[in-house]
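Containing mmCIF, C-alpha atoms: input-v2.cif.
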data_upload
loop_
_atom_site.group_PDB
_atom_site.id
_atom_site.type_symbol
_atom_site.label_atom_id
_atom_site.label_comp_id
_atom_site.auth_asym_id
_atom_site.auth_seq_id
_atom_site.Cartn_x
_atom_site.Cartn_y
_atom_site.Cartn_z
ATOM 1 C CA MET A 1 2.922 3.387 -3.117
ATOM 2 C CA THR A 2 6.461 2.269 -3.828
ATOM 3 C CA PHE A 3 7.980 -1.080 -4.756
ATOM 4 C CA GLU A 4 9.177 -1.481 -1.154
ATOM 5 C CA ALA A 5 5.799 -0.631 0.337
ATOM 6 C CA GLU A 6 4.015 -2.933 -2.123
ATOM 7 C CA PHE A 7 6.141 -5.910 -1.114
ATOM 8 C CA ALA A 8 6.144 -5.132 2.630
ATOM 9 C CA VAL A 9 3.130 -7.378 3.165
ATOM 10 C CA VAL A 10 4.910 -10.187 1.303
ATOM 11 C CA ASP A 11 7.830 -9.766 3.716
ATOM 12 C CA VAL A 12 5.506 -9.973 6.725
ATOM 13 C CA ILE A 13 3.950 -13.172 5.404
ATOM 14 C CA THR A 14 7.335 -14.672 4.459
ATOM 15 C CA GLN A 15 8.725 -14.057 7.945
ATOM 16 C CA SER A 16 5.696 -15.476 9.709
ATOM 17 C CA ALA A 17 5.635 -18.926 11.261
ATOM 18 C CA LEU A 18 2.331 -19.781 9.620
ATOM 19 C CA PRO A 19 2.411 -23.180 7.906
ATOM 20 C CA THR A 20 1.310 -21.753 4.539
ATOM 21 C CA HIS A 21 3.607 -18.727 4.544
ATOM 22 C CA SER A 22 5.602 -19.816 1.474
ATOM 23 C CA VAL A 23 2.646 -20.482 -0.782
ATOM 24 C CA ASP A 24 0.830 -17.374 0.471
ATOM 25 C CA ALA A 25 3.841 -15.109 -0.111
ATOM 26 C CA PHE A 26 4.381 -16.661 -3.532
ATOM 27 C CA ALA A 27 0.758 -16.222 -4.627
ATOM 28 C CA LEU A 28 0.681 -12.635 -3.409
ATOM 29 C CA SER A 29 3.946 -11.902 -5.246
ATOM 30 C CA VAL A 30 2.433 -13.129 -8.506
ATOM 31 C CA ILE A 31 -0.640 -10.964 -7.968
ATOM 32 C CA LYS A 32 1.534 -7.901 -7.374
ATOM 33 C CA MET A 33 3.591 -8.653 -10.494
ATOM 34 C CA GLU A 34 0.499 -9.012 -12.657
ATOM 35 C CA ARG A 35 -1.026 -5.849 -11.262
ATOM 36 C CA GLN A 36 2.191 -3.908 -11.935
ATOM 37 C CA MET A 37 2.103 -4.955 -15.600
ATOM 38 C CA ARG A 38 -1.582 -4.036 -15.948
ATOM 39 C CA LYS A 39 -1.037 -0.660 -14.316
ATOM 40 C CA LEU A 40 1.906 0.130 -16.585
ATOM 41 C CA PHE A 41 -0.289 -0.718 -19.564
ATOM 42 C CA THR A 42 -3.204 1.455 -18.402
ATOM 43 C CA TYR A 43 -0.829 4.294 -17.538
ATOM 44 C CA LEU A 44 0.611 4.235 -21.052
ATOM 45 C CA ILE A 45 -2.824 4.126 -22.707
ATOM 46 C CA TYR A 46 -3.939 7.118 -20.652
ATOM 47 C CA GLN A 47 -0.983 9.165 -21.920
ATOM 48 C CA SER A 48 -2.760 9.629 -25.248
ATOM 49 C CA GLY A 49 -3.566 13.313 -25.643
ATOM 50 C CA ALA A 50 -7.099 12.256 -26.587
ATOM 51 C CA PHE A 51 -7.849 10.967 -23.076
ATOM 52 C CA GLY A 52 -8.677 13.010 -20.024
ATOM 53 C CA PRO A 53 -10.477 12.559 -16.698
ATOM 54 C CA GLN A 54 -13.831 12.036 -18.447
ATOM 55 C CA ASP A 55 -12.403 8.929 -20.160
ATOM 56 C CA ILE A 56 -11.193 7.077 -17.057
ATOM 57 C CA GLU A 57 -14.404 5.180 -16.373
ATOM 58 C CA PRO A 58 -14.976 4.218 -20.049
ATOM 59 C CA LEU A 59 -11.349 3.005 -20.273
ATOM 60 C CA LYS A 60 -11.763 0.960 -17.097
ATOM 61 C CA ALA A 61 -15.026 -0.450 -18.433
ATOM 62 C CA VAL A 62 -13.357 -1.624 -21.660
ATOM 63 C CA LEU A 63 -10.661 -3.498 -19.779
ATOM 64 C CA GLY A 64 -13.082 -4.781 -17.160
ATOM 65 C CA ALA A 65 -15.364 -6.218 -19.838
ATOM 66 C CA ASN A 66 -12.538 -8.200 -21.392
ATOM 67 C CA HIS A 67 -12.059 -11.495 -19.569
ATOM 68 C CA ARG A 68 -9.107 -12.587 -21.701
ATOM 69 C CA ALA A 69 -6.503 -10.005 -20.637
ATOM 70 C CA TYR A 70 -3.609 -11.481 -18.664
ATOM 71 C CA PHE A 71 0.013 -10.770 -17.816
ATOM 72 C CA GLU A 72 1.528 -11.843 -21.134
ATOM 73 C CA GLY A 73 -1.142 -9.870 -22.994
ATOM 74 C CA PHE A 74 -0.377 -6.689 -21.092
ATOM 75 C CA GLU A 75 3.274 -7.177 -21.971
ATOM 76 C CA ARG A 76 2.313 -7.606 -25.649
ATOM 77 C CA GLY A 77 0.094 -4.552 -25.352
ATOM 78 C CA ILE A 78 2.911 -2.387 -23.975
ATOM 79 C CA ASN A 79 5.268 -3.665 -26.666
ATOM 80 C CA SER A 80 2.685 -2.904 -29.388
ATOM 81 C CA LEU A 81 1.875 0.523 -27.995
ATOM 82 C CA TYR A 82 5.220 1.965 -26.977
ATOM 83 C CA SER A 83 8.664 2.216 -28.566
ATOM 84 C CA THR A 84 10.494 0.937 -25.473
ATOM 85 C CA SER A 85 9.629 -2.695 -24.832
ATOM 86 C CA VAL A 86 9.119 -4.381 -21.488
ATOM 87 C CA GLU A 87 12.331 -6.277 -22.197
ATOM 88 C CA ASP A 88 14.195 -2.988 -22.549
ATOM 89 C CA MET A 89 12.633 -1.649 -19.345
ATOM 90 C CA VAL A 90 13.549 -4.776 -17.364
ATOM 91 C CA GLY A 91 17.037 -4.693 -18.845
ATOM 92 C CA ALA A 92 19.700 -7.390 -18.898
ATOM 93 C CA GLU A 93 17.847 -9.595 -16.399
ATOM 94 C CA TYR A 94 14.913 -10.054 -18.793
ATOM 95 C CA VAL A 95 16.423 -13.053 -20.598
ATOM 96 C CA GLU A 96 17.039 -14.859 -17.321
ATOM 97 C CA LEU A 97 13.833 -13.849 -15.532
ATOM 98 C CA ARG A 98 11.142 -14.065 -18.227
ATOM 99 C CA PRO A 99 11.093 -17.902 -18.377
ATOM 100 C CA VAL A 100 10.991 -17.995 -14.569
ATOM 101 C CA ILE A 101 8.018 -15.612 -14.626
ATOM 102 C CA ASP A 102 6.178 -17.931 -17.041
ATOM 103 C CA ASP A 103 6.950 -20.836 -14.718
ATOM 104 C CA ALA A 104 5.720 -18.884 -11.688
ATOM 105 C CA ILE A 105 2.451 -18.067 -13.448
ATOM 106 C CA ASP A 106 1.968 -21.755 -14.315
ATOM 107 C CA VAL A 107 2.639 -22.759 -10.704
ATOM 108 C CA ARG A 108 0.284 -20.059 -9.414
ATOM 109 C CA ASN A 109 -2.474 -21.295 -11.750
ATOM 110 C CA LYS A 110 -2.106 -24.798 -10.327
ATOM 111 C CA VAL A 111 -2.116 -23.474 -6.751
ATOM 112 C CA PHE A 112 -5.184 -21.282 -7.344
ATOM 113 C CA HIS A 113 -7.093 -24.230 -8.766
ATOM 114 C CA GLY A 114 -6.123 -26.546 -5.920
ATOM 115 C CA GLN A 115 -4.031 -28.722 -8.184
ATOM 116 C CA LEU A 116 -0.612 -30.212 -7.613
ATOM 117 C CA THR A 117 2.322 -29.286 -9.787
ATOM 118 C CA ALA A 118 4.161 -32.199 -11.331
ATOM 119 C CA ARG A 119 7.268 -30.977 -9.481
ATOM 120 C CA CYS A 120 5.858 -31.087 -5.917
ATOM 121 C CA LEU A 121 7.464 -27.768 -5.036
ATOM 122 C CA GLN A 122 8.687 -27.254 -1.500
ATOM 123 C CA GLN A 123 8.810 -24.054 0.549
ATOM 124 C CA GLU A 124 12.347 -23.326 -0.641
ATOM 125 C CA ASP A 125 11.281 -23.669 -4.291
ATOM 126 C CA LEU A 126 8.442 -21.223 -3.796
ATOM 127 C CA GLY A 127 10.871 -18.874 -2.075
ATOM 128 C CA VAL A 128 13.158 -18.982 -5.121
ATOM 129 C CA LEU A 129 10.215 -18.183 -7.403
ATOM 130 C CA SER A 130 9.099 -15.358 -5.104
ATOM 131 C CA ALA A 131 12.602 -13.881 -5.120
ATOM 132 C CA ALA A 132 12.701 -13.981 -8.925
ATOM 133 C CA ILE A 133 9.322 -12.233 -9.101
ATOM 134 C CA ARG A 134 10.607 -9.545 -6.765
ATOM 135 C CA ARG A 135 13.718 -9.051 -8.926
ATOM 136 C CA TRP A 136 11.530 -8.797 -12.032
ATOM 137 C CA CYS A 137 9.213 -6.249 -10.417
ATOM 138 C CA PHE A 138 12.115 -4.187 -9.104
ATOM 139 C CA SER A 139 13.903 -4.168 -12.468
ATOM 140 C CA LEU A 140 10.715 -3.314 -14.343
ATOM 141 C CA ALA A 141 9.842 -0.596 -11.833
ATOM 142 C CA ARG A 142 13.282 0.969 -12.123
ATOM 143 C CA GLY A 143 13.301 0.823 -15.931
ATOM 144 C CA ALA A 144 9.716 2.002 -16.368
ATOM 145 C CA ASP A 145 10.210 4.887 -13.955
ATOM 146 C CA ALA A 146 13.288 5.997 -15.898
ATOM 147 C CA GLU A 147 11.504 5.627 -19.251
ATOM 148 C CA ILE A 148 7.967 6.867 -18.577
ATOM 149 C CA GLY A 149 8.044 8.300 -15.061
ATOM 150 C CA TYR A 150 5.838 5.607 -13.531
ATOM 151 C CA ASP A 151 6.901 2.335 -11.912
ATOM 152 C CA GLY A 152 3.572 0.509 -11.982
ATOM 153 C CA PHE A 153 3.106 0.609 -8.215
ATOM 154 C CA GLY A 154 1.602 4.063 -7.735
ATOM 155 C CA ARG A 155 -2.023 3.772 -6.720
ATOM 156 C CA ASN A 156 -3.483 5.728 -9.633
ATOM 157 C CA SER A 157 -2.372 4.606 -13.069
ATOM 158 C CA PHE A 158 -4.893 6.928 -14.732
ATOM 159 C CA ARG A 159 -2.820 10.053 -14.379
ATOM 160 C CA LYS A 160 -0.891 12.127 -16.832
ATOM 161 C CA GLY A 161 2.881 12.021 -17.072
ATOM 162 C CA SER A 162 5.208 13.928 -19.339
ATOM 163 C CA VAL A 163 3.638 14.905 -22.653
ATOM 164 C CA GLU A 164 6.725 13.439 -24.365
ATOM 165 C CA ILE A 165 5.594 9.906 -23.479
ATOM 166 C CA ALA A 166 3.056 10.011 -26.311
ATOM 167 C CA ASP A 167 5.935 10.723 -28.713
ATOM 168 C CA GLY A 168 7.045 7.131 -28.118
ATOM 169 C CA PHE A 169 3.711 5.627 -29.183
ATOM 170 C CA LEU A 170 3.881 3.107 -32.007
ATOM 171 C CA THR A 171 0.094 3.061 -32.230
ATOM 172 C CA GLN A 172 -2.356 5.847 -31.513
ATOM 173 C CA VAL A 173 -5.412 4.972 -29.422
ATOM 174 C CA ARG A 174 -7.810 7.913 -29.309
ATOM 175 C CA THR A 175 -11.223 6.602 -28.254
ATOM 176 C CA PRO A 176 -12.613 3.924 -25.959
ATOM 177 C CA GLU A 177 -13.703 2.006 -29.080
ATOM 178 C CA GLU A 178 -10.148 2.118 -30.483
ATOM 179 C CA TYR A 179 -8.989 0.962 -27.056
ATOM 180 C CA ARG A 180 -11.443 -1.962 -27.172
ATOM 181 C CA THR A 181 -10.063 -2.935 -30.594
ATOM 182 C CA PHE A 182 -6.456 -2.554 -29.398
ATOM 183 C CA VAL A 183 -7.113 -4.749 -26.371
ATOM 184 C CA ARG A 184 -8.812 -7.380 -28.517
ATOM 185 C CA ARG A 185 -5.942 -7.409 -31.069
ATOM 186 C CA HIS A 186 -2.901 -7.049 -28.851
ATOM 187 C CA VAL A 187 -3.765 -7.913 -25.249
ATOM 188 C CA ALA A 188 -6.538 -10.483 -25.075
ATOM 189 C CA ARG A 189 -5.835 -14.182 -25.442
ATOM 190 C CA PRO A 190 -7.321 -15.623 -28.615
#

As a first step, turn the structure in this file into structure tokens.
Amino acid sequence: MTFEAEFAVVDVITQSALPTHSVDAFALSVIKMERQMRKLFTYLIYQSGAFGPQDIEPLKAVLGANHRAYFEGFERGINSLYSTSVEDMVGAEYVELRPVIDDAIDVRNKVFHGQLTARCLQQEDLGVLSAAIRRWCFSLARGADAEIGYDGFGRNSFRKGSVEIADGFLTQVRTPEEYRTFVRRHVARP
């Protein structure tokens, strides 16, 4: 799966004449953004030389059991684990886009819970947020692919990349229990 293929369904929804196309495309864009961040995190964790195919299910179980891991936590986790930060991977657009991403997540949370935002966003506003999410995802995909050889959109994040990736680790995670502790300390909301 590529960035373009991942967002193809968003394009189909955006171009439809359905009355909810803007909110649907926006919500799906946020989901894709959050999944990209999670997959980059799990890809990096799996690069530890201590993990192999036998560890995939225990690693998934650790993350699946934690109900406090969200987008900002995965970003913190990547930044705590690896020497190149998410900001560095996104590049110059990070400073402009990161506050917009926080705003988009807040809006999505309201939408998912059937609440109104205080701003009464219109279709055009949701389109602007969706476009910013797409720019974020593209920039992160490009930077992550250049840095670690994975853009966060490939279907299997539990695969090995270059052995040099582990040289960039700031923290070593060698067992599922260490992973559980790392997630609790660096990823999960308090």

Hey, can I get the axis-aligned box for segment 75-88 of chain A? All listed atoms, 3 Å padding on each side, centre and edge lengths in Å to one decimal, as lines of an AutoDock Vina configuration file.
center_x = 7.1
center_y = -2.7
center_z = -25.4
size_x = 20.1
size_y = 15.8
size_z = 13.9

Two-atom distance - atom CA of Ser22 of chain A, atom CA of Arg38 of chain A (Å):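 Computing it gives 24.6 Å between the two atoms.
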
query: So which residues are close to (-7.2, -13.1, -19.5), meaning at most 7 Å away in the file's coordinates with all atoms listed in the file counted, and can you show them as a list of chain:residue names?
result: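 Protein, DNA and RNA residues close to (-7.2, -13.1, -19.5): A:His67, A:Arg68, A:Ala69, A:Tyr70, A:Ala188, A:Arg189.
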
task: For Glu4 of chain A, please output as a count of residues only all residues within 12 Å (counting all atoms listed in the file; exclusion window: fewer than 2 positions along the same chain).
output: 18

query: If you count all atoms listed in the file, which residues fall within 12 Å of Gly168 of chain A, apart from same-chain ones fewer than 6 positions away, as a list of chain:residue names?
result: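 Skipping anything fewer than 6 positions along the chain leaves A:Leu44, A:Ile45, A:Gln47, A:Ser48, A:Ile78, A:Asn79, A:Ser80, A:Leu81, A:Tyr82, A:Ser83, A:Thr84, A:Ser85, A:Glu147, A:Ile148, A:Ser162.
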
task: May I ask for the distance between atom CA of Val128 of chain A and atom CA of Ser157 of chain A, given in Å to one decimal place?
output: 29.3 Å

field: Residue with smallest distance to His21 of chain A - pool A:Ile105, A:Thr171, A:Ala166, A:Ser130, counting only C-alpha atoms
entry: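 Once distances to His21 of chain A are computed over only C-alpha atoms, the minimum belongs to A:Ser130.
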
- prompt: Between A:Thr42, A:Leu121, A:Val100, A:Val187, which one has atoms that come closest to Ile56 of chain A, using all atoms listed in the file?
  reply: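 Using all atoms listed in the file, the shortest distance to Ile56 of chain A belongs to A:Thr42.
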
- request: Within 10 Å of Leu59 of chain A, counting all atoms listed in the file, which residues show up once you throw out same-chain ones fewer than 4 positions away? Write them as a VMD selection string, please.
  value: chain A and resid 42 45 to 46 51 54 to 55 63 to 64 158 175 to 177 179 to 180

Selection file, C-alpha atoms, as a compact mmCIF listing (two decimals), in the frame of the given file:
# COMPACT_ATOMS: atom_id res chain seq x y z
CA THR A 42 -3.20 1.46 -18.40
CA ILE A 45 -2.82 4.13 -22.71
CA TYR A 46 -3.94 7.12 -20.65
CA PHE A 51 -7.85 10.97 -23.08
CA GLN A 54 -13.83 12.04 -18.45
CA ASP A 55 -12.40 8.93 -20.16
CA LEU A 63 -10.66 -3.50 -19.78
CA GLY A 64 -13.08 -4.78 -17.16
CA PHE A 158 -4.89 6.93 -14.73
CA THR A 175 -11.22 6.60 -28.25
CA PRO A 176 -12.61 3.92 -25.96
CA GLU A 177 -13.70 2.01 -29.08
CA TYR A 179 -8.99 0.96 -27.06
CA ARG A 180 -11.44 -1.96 -27.17

task: Measure the distance from atom CA of Gly161 of chain A to atom CA of Gly49 of chain A in Å and round it to one decimal.
output: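 About the pair atom CA of Gly161 of chain A and atom CA of Gly49 of chain A: they are 10.8 Å apart.
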
- prompt: Which residue, A:Val111, A:Arg159, A:Phe169, A:Phe74, has the smallest gap to Pro53 of chain A when you use only C-alpha atoms?
  reply: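 For Pro53 of chain A, the nearest of the given residues is A:Arg159.
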
With the PyMOL selection byres ((chain A and resi 107) around 12) as the selection, what would be picked from this file? Answer as a PDB file with C-alpha atoms, keeping the file's coordinate frame, please.
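Everything below was put into selection.pdb:
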ATOM      1  CA  VAL A  23       2.646 -20.482  -0.782  1.00  0.00           C
ATOM      2  CA  PHE A  26       4.381 -16.661  -3.532  1.00  0.00           C
ATOM      3  CA  ALA A  27       0.758 -16.222  -4.627  1.00  0.00           C
ATOM      4  CA  VAL A  30       2.433 -13.129  -8.506  1.00  0.00           C
ATOM      5  CA  VAL A 100      10.991 -17.995 -14.569  1.00  0.00           C
ATOM      6  CA  ILE A 101       8.018 -15.612 -14.626  1.00  0.00           C
ATOM      7  CA  ASP A 102       6.178 -17.931 -17.041  1.00  0.00           C
ATOM      8  CA  ASP A 103       6.950 -20.836 -14.718  1.00  0.00           C
ATOM      9  CA  ALA A 104       5.720 -18.884 -11.688  1.00  0.00           C
ATOM     10  CA  ILE A 105       2.451 -18.067 -13.448  1.00  0.00           C
ATOM     11  CA  ASP A 106       1.968 -21.755 -14.315  1.00  0.00           C
ATOM     12  CA  ARG A 108       0.284 -20.059  -9.414  1.00  0.00           C
ATOM     13  CA  ASN A 109      -2.474 -21.295 -11.750  1.00  0.00           C
ATOM     14  CA  LYS A 110      -2.106 -24.798 -10.327  1.00  0.00           C
ATOM     15  CA  VAL A 111      -2.116 -23.474  -6.751  1.00  0.00           C
ATOM     16  CA  PHE A 112      -5.184 -21.282  -7.344  1.00  0.00           C
ATOM     17  CA  HIS A 113      -7.093 -24.230  -8.766  1.00  0.00           C
ATOM     18  CA  GLY A 114      -6.123 -26.546  -5.920  1.00  0.00           C
ATOM     19  CA  GLN A 115      -4.031 -28.722  -8.184  1.00  0.00           C
ATOM     20  CA  LEU A 116      -0.612 -30.212  -7.613  1.00  0.00           C
ATOM     21  CA  THR A 117       2.322 -29.286  -9.787  1.00  0.00           C
ATOM     22  CA  ALA A 118       4.161 -32.199 -11.331  1.00  0.00           C
ATOM     23  CA  ARG A 119       7.268 -30.977  -9.481  1.00  0.00           C
ATOM     24  CA  CYS A 120       5.858 -31.087  -5.917  1.00  0.00           C
ATOM     25  CA  LEU A 121       7.464 -27.768  -5.036  1.00  0.00           C
ATOM     26  CA  GLN A 122       8.687 -27.254  -1.500  1.00  0.00           C
ATOM     27  CA  ASP A 125      11.281 -23.669  -4.291  1.00  0.00           C
ATOM     28  CA  LEU A 126       8.442 -21.223  -3.796  1.00  0.00           C
ATOM     29  CA  LEU A 129      10.215 -18.183  -7.403  1.00  0.00           C
ATOM     30  CA  SER A 130       9.099 -15.358  -5.104  1.00  0.00           C
TER      31      SER A 130
END

message: Which residue is closest to Ile13 of chain A? Choose from A:Gly127, A:Ala92, A:Tyr43, A:Leu97 and count all atoms listed in the file.
response: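 Comparing A:Gly127, A:Ala92, A:Tyr43, A:Leu97 against Ile13 of chain A, the winner is A:Gly127.
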
field: Nearest candidate to Asp88 of chain A (options A:Met37, A:Glu124, A:Ala144, A:Lys60; using all atoms listed in the file)
entry: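 Selected residue with least distance to Asp88 of chain A: A:Ala144.
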
message: Given all atoms listed in the file as the basis, pick out the residue of A:Val62, A:Trp136, A:Gly149, A:Arg76 nearest to Val95 of chain A.
response: A:Trp136
